[in-house]
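Below you'll find the structure, written out as structure tokens, and then a few comments.
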Amino acid sequence: MRPATRVRETAAPPLSPLMERAAQLRGLGRELIVLAQAMVDYAPPPSFLGALAEGLRDPHGRLHRYAPDPGLPELRAALGAYLGSNFGLNVDPQREIIVTPGANHAAHTAFATLLEPDDEALLVSPWYFNHEMSIRLLGACPRAITALPGNEFVPTLAALDEAWTPRTRLLVLVTPNNPTGARYPDAWLRELGLHLAEDPRWREVALLVDQTYQEIFFTGRHPFSLGSLEALRDRTITVGSFSKCFALAGWRLGFLATAADLVTEALKIQDSTVICAPHAAQWALARTLQAHGEAARYLDEKRATLRLRRDALLEPFLQAGGPVPVTPQGACFAFLPLPADCDGARVAATLLESEGVVTVPGIHFGPQWGRYLRLSFGTESEARLREAGERICRFLTAGGDG
């Protein structure tokens with residue numbers, strides 16, 4: 001059998017070979033510090049676990065059945081309240097929200113609903129590689145908008161305009177960002193919204209905002225308000241996840257929020273691919289979102305934990321006086337620049353074999369980022385993160401490049 005060209009021309013998942021090699025080394029007794037996966041290592045909120053246990057004791061087994069395609073009504077109501085109170089996104093929860101098995105499925109559903117073959121979707125680079133893969137798999141064309149470290153990885157409106165072509169149909173933003181940890185300020189989002197609303201070139205372009213890391217931020221309150229994009233209310237799609245903020249990666253819970261007519265079309269894709277997100281997880285998440293006080297305390301505690309981890313990872317680079325990542329303002333990543341003569345893929349491979357540190361080469365986040373590594377601080381302790389930073393600094397100081 002011959003796979004379709006668009007599938008063969010899409011890059012393979014980049015983390016799989018890294019994690020397979022890490023598993024082999026662990027099987028040989030090697031101790032590794034893993035800075036590769038976009039996960040957190042703490043447990044979900046007690047309200048989620050308690051509700052899940054309660055629901056699974058139901059003698060009628062209702063949580064083992066399909067949920068409605070768009071999601072449980074009580075979860076959509078809780079999601080609508082959550083998005084409105086925390087992010088200024090006012091939606092009709094029963095007509096404008098789909099509960100999805102994770103944010104990746106939400107984004108792919110949105111891409112598939114909007115994009116024709118050969119349409120262009122603009123991705124801020126460094127981009128999230130699954131977005132680029134998904135767009136290619138649909139036969140559409142990803143185009144890069146370069147965001148520079150000197151501007152804390154926030155793209156300029158001039159860079160957006162330079163990337164626009166008559167085939168542009170979608171602009172994708174990820175905030176807080178994977179892989180840089182950047183977040184887009186409200187003032188910038190407001191300026192963007194007005195620009196896209198007023199410039200005739202952009203009037204047929206939709207905007208997708210991926211807020212997977214919506215609750216992981218290190219200064220202020222929430223990192224952005226989608227109310228800043230009110231000028232684009234009728235052509236904005238918001239996707240998100242609870243894998244990171246509530247540590248539910250294995251339970252596959254995300255959402256897509258947009259205009260009701262687009263939701264109607266997107267449900268065709270949901271039904272023909274996954275039917276619904278996991279029923280039991282939806283039941284438990286609804287009750288977690290309804291427990292406002294506990295959820296808020298849980299999120300405050302986890303943000304504090306991740307901030308300490310971020311600082312522990314960055315400390316050796318600041319002390320060494322060499323390349324230092326732009327300080328992440330959210331998410332759980334640092335994007336490390338390497339010395340001018342280094343190749344990120346070789347550095348990552350050698351770090352794994354010689355230093356026992358698992359990282360992700362920057363090349364996977366766009367072709368111009370080959371001299372970078374993504375470092376995740378979501379699954380290791382402060383002491384081990386500090387040790388990982390020290391190992392990387394020693395390796396780079398010794399001129400290591402494979």
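Lettering and numbering for the structure tokens are positional, with chains as A, B, ... in the shown order, residues counted from 1 in each chain, and ligands counted from 1 in the shown order.
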
Identify, on the basis of only C-alpha atoms, every residue whose closest approach to region 368-382 of chain A does not exceed 8 Å; exclude the query and any residue fewer than 2 positions from it along the same chain; express the result as a ChimeraX atom specification.
-> /A:33-41,126,179-180,306,308-310,312-313,332-340,342-345,348,359-366,384-386

Non-local contacts of Pro166 (chain A) (10 Å; only C-alpha atoms; under 6 positions in same chain excluded) as number ranges by chain = A: 119-120, 201-202, 204-205

Let me see the file: selected residues, N, CA and C atoms, as a tab-separated table (two decimals), in the first residue's frame.
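What ended up in out.tsv:
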chain	number	residue	atom	x	y	z
A	119	ASP	N	-4.87	26.05	0.65
A	119	ASP	CA	-4.99	27.26	1.46
A	119	ASP	C	-3.74	27.39	2.33
A	120	GLU	N	-3.45	28.61	2.74
A	120	GLU	CA	-2.30	28.85	3.61
A	120	GLU	C	-2.76	29.18	5.03
A	201	ARG	N	-6.88	43.29	3.64
A	201	ARG	CA	-6.22	42.03	3.30
A	201	ARG	C	-6.61	40.91	4.25
A	202	TRP	N	-6.93	41.25	5.48
A	202	TRP	CA	-7.14	40.23	6.52
A	202	TRP	C	-8.60	39.91	6.76
A	204	GLU	N	-10.83	38.21	5.28
A	204	GLU	CA	-11.29	36.84	5.03
A	204	GLU	C	-10.46	35.81	5.77
A	205	VAL	N	-9.64	36.27	6.72
A	205	VAL	CA	-8.73	35.38	7.46
A	205	VAL	C	-9.31	35.12	8.85

Please identify all polymer residues within 10 Å of Arg21 (chain A), counting only C-alpha atoms, omitting same-chain residues fewer than 3 positions from it, and present them as a ChimeraX atom specification.
-> /A:16-18,24-27,349,352-353,358

Arg303 (chain A) surroundings by only C-alpha atoms, 8 Å radius, close-in-sequence under 3 positions cut, as a PyMOL selection string = chain A and resi 215-218+299-300+306-307

Nearest to Arg136 (chain A): which of A:Glu355, A:Glu9, A:Glu294, A:Glu198 is it, counting only C-alpha atoms?
->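 Closest to Arg136 (chain A), using only C-alpha atoms: A:Glu9.
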
Do you have, as CSV, the list of residues of region 45-74 of chain A lying at most 12 Å from region 224-247 of chain A, each with its nearest atom pair and that distance in Å to one decimal, counting only C-alpha atoms and ordered by chain then number?
residue,atom,partner,partner_atom,distance
A:Pro45,CA,A:Phe246,CA,6.5
A:Pro46,CA,A:Phe246,CA,10.2
A:Ser47,CA,A:Phe246,CA,10.6
A:Phe48,CA,A:Phe246,CA,8.8
A:Leu49,CA,A:Phe246,CA,11.0

Please give the complete set of residues from region 145-308 of chain A that DSSP, run on the backbone, assigns to strand (DSSP E or B), formatted as a ChimeraX atom specification.
-> /A:145-146,168-174,206-210,217,236-241,254-257

Keeping only N, CA and C atoms, take the residues you just selected and write them out as a short mmCIF file (atom, residue, chain, number, x, y, z; two decimals), in the first residue's frame.
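Result written to part-v4.cif:
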data_model
loop_
_atom_site.label_atom_id
_atom_site.label_comp_id
_atom_site.auth_asym_id
_atom_site.auth_seq_id
_atom_site.Cartn_x
_atom_site.Cartn_y
_atom_site.Cartn_z
N ILE A 145 5.62 32.91 10.34
CA ILE A 145 5.83 34.30 10.75
C ILE A 145 6.90 34.26 11.83
N THR A 146 8.07 34.77 11.55
CA THR A 146 9.17 34.64 12.50
C THR A 146 9.00 35.61 13.65
N THR A 168 -3.93 33.20 2.07
CA THR A 168 -3.98 33.08 3.52
C THR A 168 -5.43 32.98 3.99
N ARG A 169 -5.72 31.94 4.77
CA ARG A 169 -7.07 31.73 5.29
C ARG A 169 -7.12 31.67 6.81
N LEU A 170 -5.96 31.50 7.45
CA LEU A 170 -5.97 31.28 8.90
C LEU A 170 -4.67 31.78 9.51
N LEU A 171 -4.77 32.42 10.67
CA LEU A 171 -3.63 32.80 11.49
C LEU A 171 -3.74 32.05 12.80
N VAL A 172 -2.64 31.40 13.21
CA VAL A 172 -2.63 30.57 14.42
C VAL A 172 -1.69 31.18 15.45
N LEU A 173 -2.20 31.38 16.66
CA LEU A 173 -1.39 31.86 17.78
C LEU A 173 -1.43 30.83 18.91
N VAL A 174 -0.31 30.63 19.58
CA VAL A 174 -0.25 29.77 20.77
C VAL A 174 0.26 30.63 21.92
N ALA A 206 -9.40 33.84 9.23
CA ALA A 206 -9.83 33.46 10.57
C ALA A 206 -8.63 33.44 11.51
N LEU A 207 -8.89 33.54 12.80
CA LEU A 207 -7.85 33.51 13.82
C LEU A 207 -8.11 32.35 14.76
N LEU A 208 -7.10 31.49 14.95
CA LEU A 208 -7.18 30.42 15.94
C LEU A 208 -6.21 30.71 17.06
N VAL A 209 -6.72 30.75 18.29
CA VAL A 209 -5.89 30.96 19.48
C VAL A 209 -5.86 29.67 20.28
N ASP A 210 -4.67 29.10 20.41
CA ASP A 210 -4.47 27.87 21.19
C ASP A 210 -3.99 28.27 22.58
N PHE A 217 1.27 30.48 34.07
CA PHE A 217 1.88 31.79 33.84
C PHE A 217 2.53 32.22 35.15
N THR A 236 -13.05 34.21 15.23
CA THR A 236 -12.03 33.69 16.14
C THR A 236 -12.43 32.31 16.63
N ILE A 237 -11.47 31.41 16.65
CA ILE A 237 -11.64 30.06 17.20
C ILE A 237 -10.67 29.93 18.37
N THR A 238 -11.17 29.46 19.48
CA THR A 238 -10.31 29.24 20.65
C THR A 238 -10.27 27.75 20.93
N VAL A 239 -9.06 27.21 21.09
CA VAL A 239 -8.91 25.82 21.51
C VAL A 239 -8.05 25.79 22.77
N GLY A 240 -8.27 24.76 23.56
CA GLY A 240 -7.50 24.65 24.79
C GLY A 240 -7.54 23.24 25.33
N SER A 241 -6.90 23.06 26.48
CA SER A 241 -6.72 21.73 27.04
C SER A 241 -6.68 21.83 28.56
N GLY A 254 -10.08 18.50 26.04
CA GLY A 254 -9.84 19.82 25.50
C GLY A 254 -11.15 20.43 25.05
N PHE A 255 -11.07 21.56 24.36
CA PHE A 255 -12.28 22.21 23.90
C PHE A 255 -12.00 23.06 22.67
N LEU A 256 -13.05 23.31 21.93
CA LEU A 256 -13.07 24.22 20.80
C LEU A 256 -14.25 25.15 21.01
N ALA A 257 -14.01 26.45 20.97
CA ALA A 257 -15.08 27.43 21.15
C ALA A 257 -15.05 28.40 19.98
#

What is the distance between CA of Val326 (chain A) and CA of Leu396 (chain A), in Å to one decimal?
-> 17.9 Å

Pick from A:Phe111, A:Tyr66, A:Phe87, A:Phe153: nearest to Ile275 (chain A), with only C-alpha atoms counted?
-> A:Tyr66

As JSON, numbers by chain, please: all residues of region 107-342 of chain A that backbone DSSP puts in helix (DSSP H, G or I).
-> {"A": [107, 108, 109, 110, 111, 112, 113, 114, 129, 130, 131, 132, 133, 134, 135, 136, 137, 149, 150, 151, 157, 158, 159, 160, 161, 162, 163, 186, 187, 188, 189, 190, 191, 192, 193, 194, 195, 196, 197, 198, 200, 201, 202, 226, 227, 228, 229, 230, 231, 232, 233, 234, 235, 249, 250, 251, 260, 261, 262, 263, 264, 265, 266, 267, 268, 269, 270, 271, 272, 273, 279, 280, 281, 282, 283, 284, 285, 286, 287, 288, 289, 290, 292, 293, 294, 295, 296, 297, 298, 299, 300, 301, 302, 303, 304, 305, 306, 307, 308, 309, 310, 311, 312, 313, 314, 315, 316, 317, 318, 319, 320]}

Dump as a CSV table (one decimal), in the first residue's frame, selection limited to C-alpha atoms:
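Resulting contents of result38.csv:
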chain,number,residue,atom,x,y,z
A,107,ALA,CA,-7.0,22.3,16.5
A,108,HIS,CA,-7.1,19.6,13.8
A,109,THR,CA,-10.9,19.8,13.8
A,110,ALA,CA,-10.7,23.5,13.3
A,111,PHE,CA,-8.1,23.2,10.5
A,112,ALA,CA,-10.2,20.5,8.8
A,113,THR,CA,-13.3,22.6,9.0
A,114,LEU,CA,-11.8,25.8,7.6
A,129,PHE,CA,5.1,21.1,15.5
A,130,ASN,CA,1.8,19.3,15.7
A,131,HIS,CA,0.0,22.3,14.2
A,132,GLU,CA,2.4,22.3,11.2
A,133,MET,CA,2.0,18.5,10.8
A,134,SER,CA,-1.8,18.7,11.0
A,135,ILE,CA,-2.0,21.5,8.4
A,136,ARG,CA,0.2,19.5,6.0
A,137,LEU,CA,-1.8,16.3,6.5
A,149,PRO,CA,14.0,36.5,20.8
A,150,GLY,CA,14.9,40.2,20.9
A,151,ASN,CA,11.1,40.9,21.0
A,157,LEU,CA,2.3,43.2,13.0
A,158,ALA,CA,4.8,44.1,10.2
A,159,ALA,CA,6.0,40.4,10.2
A,160,LEU,CA,2.3,39.3,9.9
A,161,ASP,CA,1.7,41.5,7.0
A,162,GLU,CA,4.9,40.3,5.3
A,163,ALA,CA,3.7,36.7,5.6
A,186,ASP,CA,-3.5,42.1,26.1
A,187,ALA,CA,-2.3,45.4,24.5
A,188,TRP,CA,-0.7,43.4,21.6
A,189,LEU,CA,-3.8,41.3,21.2
A,190,ARG,CA,-6.0,44.4,21.1
A,191,GLU,CA,-3.8,46.0,18.5
A,192,LEU,CA,-3.8,42.7,16.5
A,193,GLY,CA,-7.6,42.5,16.6
A,194,LEU,CA,-8.0,46.0,15.3
A,195,HIS,CA,-5.4,45.5,12.6
A,196,LEU,CA,-7.0,42.3,11.3
A,197,ALA,CA,-10.5,43.9,11.5
A,198,GLU,CA,-9.6,47.1,9.6
A,200,PRO,CA,-8.9,44.7,4.0
A,201,ARG,CA,-6.2,42.0,3.3
A,202,TRP,CA,-7.1,40.2,6.5
A,226,LEU,CA,-9.7,37.1,24.7
A,227,GLY,CA,-12.0,40.0,25.2
A,228,SER,CA,-9.1,42.0,23.6
A,229,LEU,CA,-10.1,40.3,20.3
A,230,GLU,CA,-13.7,41.4,20.4
A,231,ALA,CA,-13.2,43.1,17.0
A,232,LEU,CA,-12.7,39.6,15.6
A,233,ARG,CA,-15.5,37.9,17.6
A,234,ASP,CA,-17.2,36.4,14.5
A,235,ARG,CA,-14.0,34.8,13.1
A,249,ALA,CA,-2.9,14.4,29.9
A,250,GLY,CA,-4.0,10.8,30.0
A,251,TRP,CA,-7.7,11.7,30.2
A,260,ALA,CA,-22.4,28.4,16.3
A,261,ASP,CA,-22.4,27.9,12.6
A,262,LEU,CA,-18.8,26.7,12.5
A,263,VAL,CA,-19.5,24.4,15.5
A,264,THR,CA,-22.3,22.8,13.5
A,265,GLU,CA,-19.8,22.0,10.7
A,266,ALA,CA,-17.0,21.0,13.0
A,267,LEU,CA,-19.3,18.4,14.7
A,268,LYS,CA,-19.3,16.4,11.5
A,269,ILE,CA,-15.5,15.9,12.0
A,270,GLN,CA,-15.9,15.1,15.7
A,271,ASP,CA,-18.5,12.5,15.0
A,272,SER,CA,-16.6,10.8,12.1
A,273,THR,CA,-13.3,10.6,14.0
A,279,HIS,CA,-17.4,10.4,29.1
A,280,ALA,CA,-16.0,9.7,32.6
A,281,ALA,CA,-13.4,12.4,32.3
A,282,GLN,CA,-16.0,14.9,31.2
A,283,TRP,CA,-18.2,14.1,34.2
A,284,ALA,CA,-15.3,14.6,36.6
A,285,LEU,CA,-14.0,17.8,34.9
A,286,ALA,CA,-17.4,19.4,35.1
A,287,ARG,CA,-17.4,19.0,38.9
A,288,THR,CA,-13.8,20.2,39.1
A,289,LEU,CA,-14.7,23.5,37.3
A,290,GLN,CA,-17.7,23.9,39.5
A,292,HIS,CA,-14.1,27.2,42.0
A,293,GLY,CA,-12.3,27.7,45.3
A,294,GLU,CA,-10.5,24.3,45.3
A,295,ALA,CA,-9.5,24.7,41.6
A,296,ALA,CA,-8.1,28.2,42.2
A,297,ARG,CA,-6.0,27.0,45.1
A,298,TYR,CA,-4.8,24.0,43.2
A,299,LEU,CA,-3.7,26.2,40.2
A,300,ASP,CA,-2.0,28.8,42.4
A,301,GLU,CA,0.0,26.0,44.1
A,302,LYS,CA,1.0,24.4,40.8
A,303,ARG,CA,2.0,27.7,39.2
A,304,ALA,CA,4.3,28.4,42.2
A,305,THR,CA,5.8,24.9,41.8
A,306,LEU,CA,6.5,25.4,38.1
A,307,ARG,CA,8.0,28.9,38.7
A,308,LEU,CA,10.5,27.5,41.2
A,309,ARG,CA,11.3,24.7,38.7
A,310,ARG,CA,11.8,27.3,35.9
A,311,ASP,CA,14.1,29.3,38.0
A,312,ALA,CA,16.1,26.3,39.0
A,313,LEU,CA,16.6,25.3,35.4
A,314,LEU,CA,17.7,28.8,34.3
A,315,GLU,CA,20.1,29.4,37.2
A,316,PRO,CA,23.1,27.5,35.8
A,317,PHE,CA,22.8,29.3,32.5
A,318,LEU,CA,22.7,32.7,34.2
A,319,GLN,CA,25.7,31.8,36.3
A,320,ALA,CA,27.7,30.3,33.4
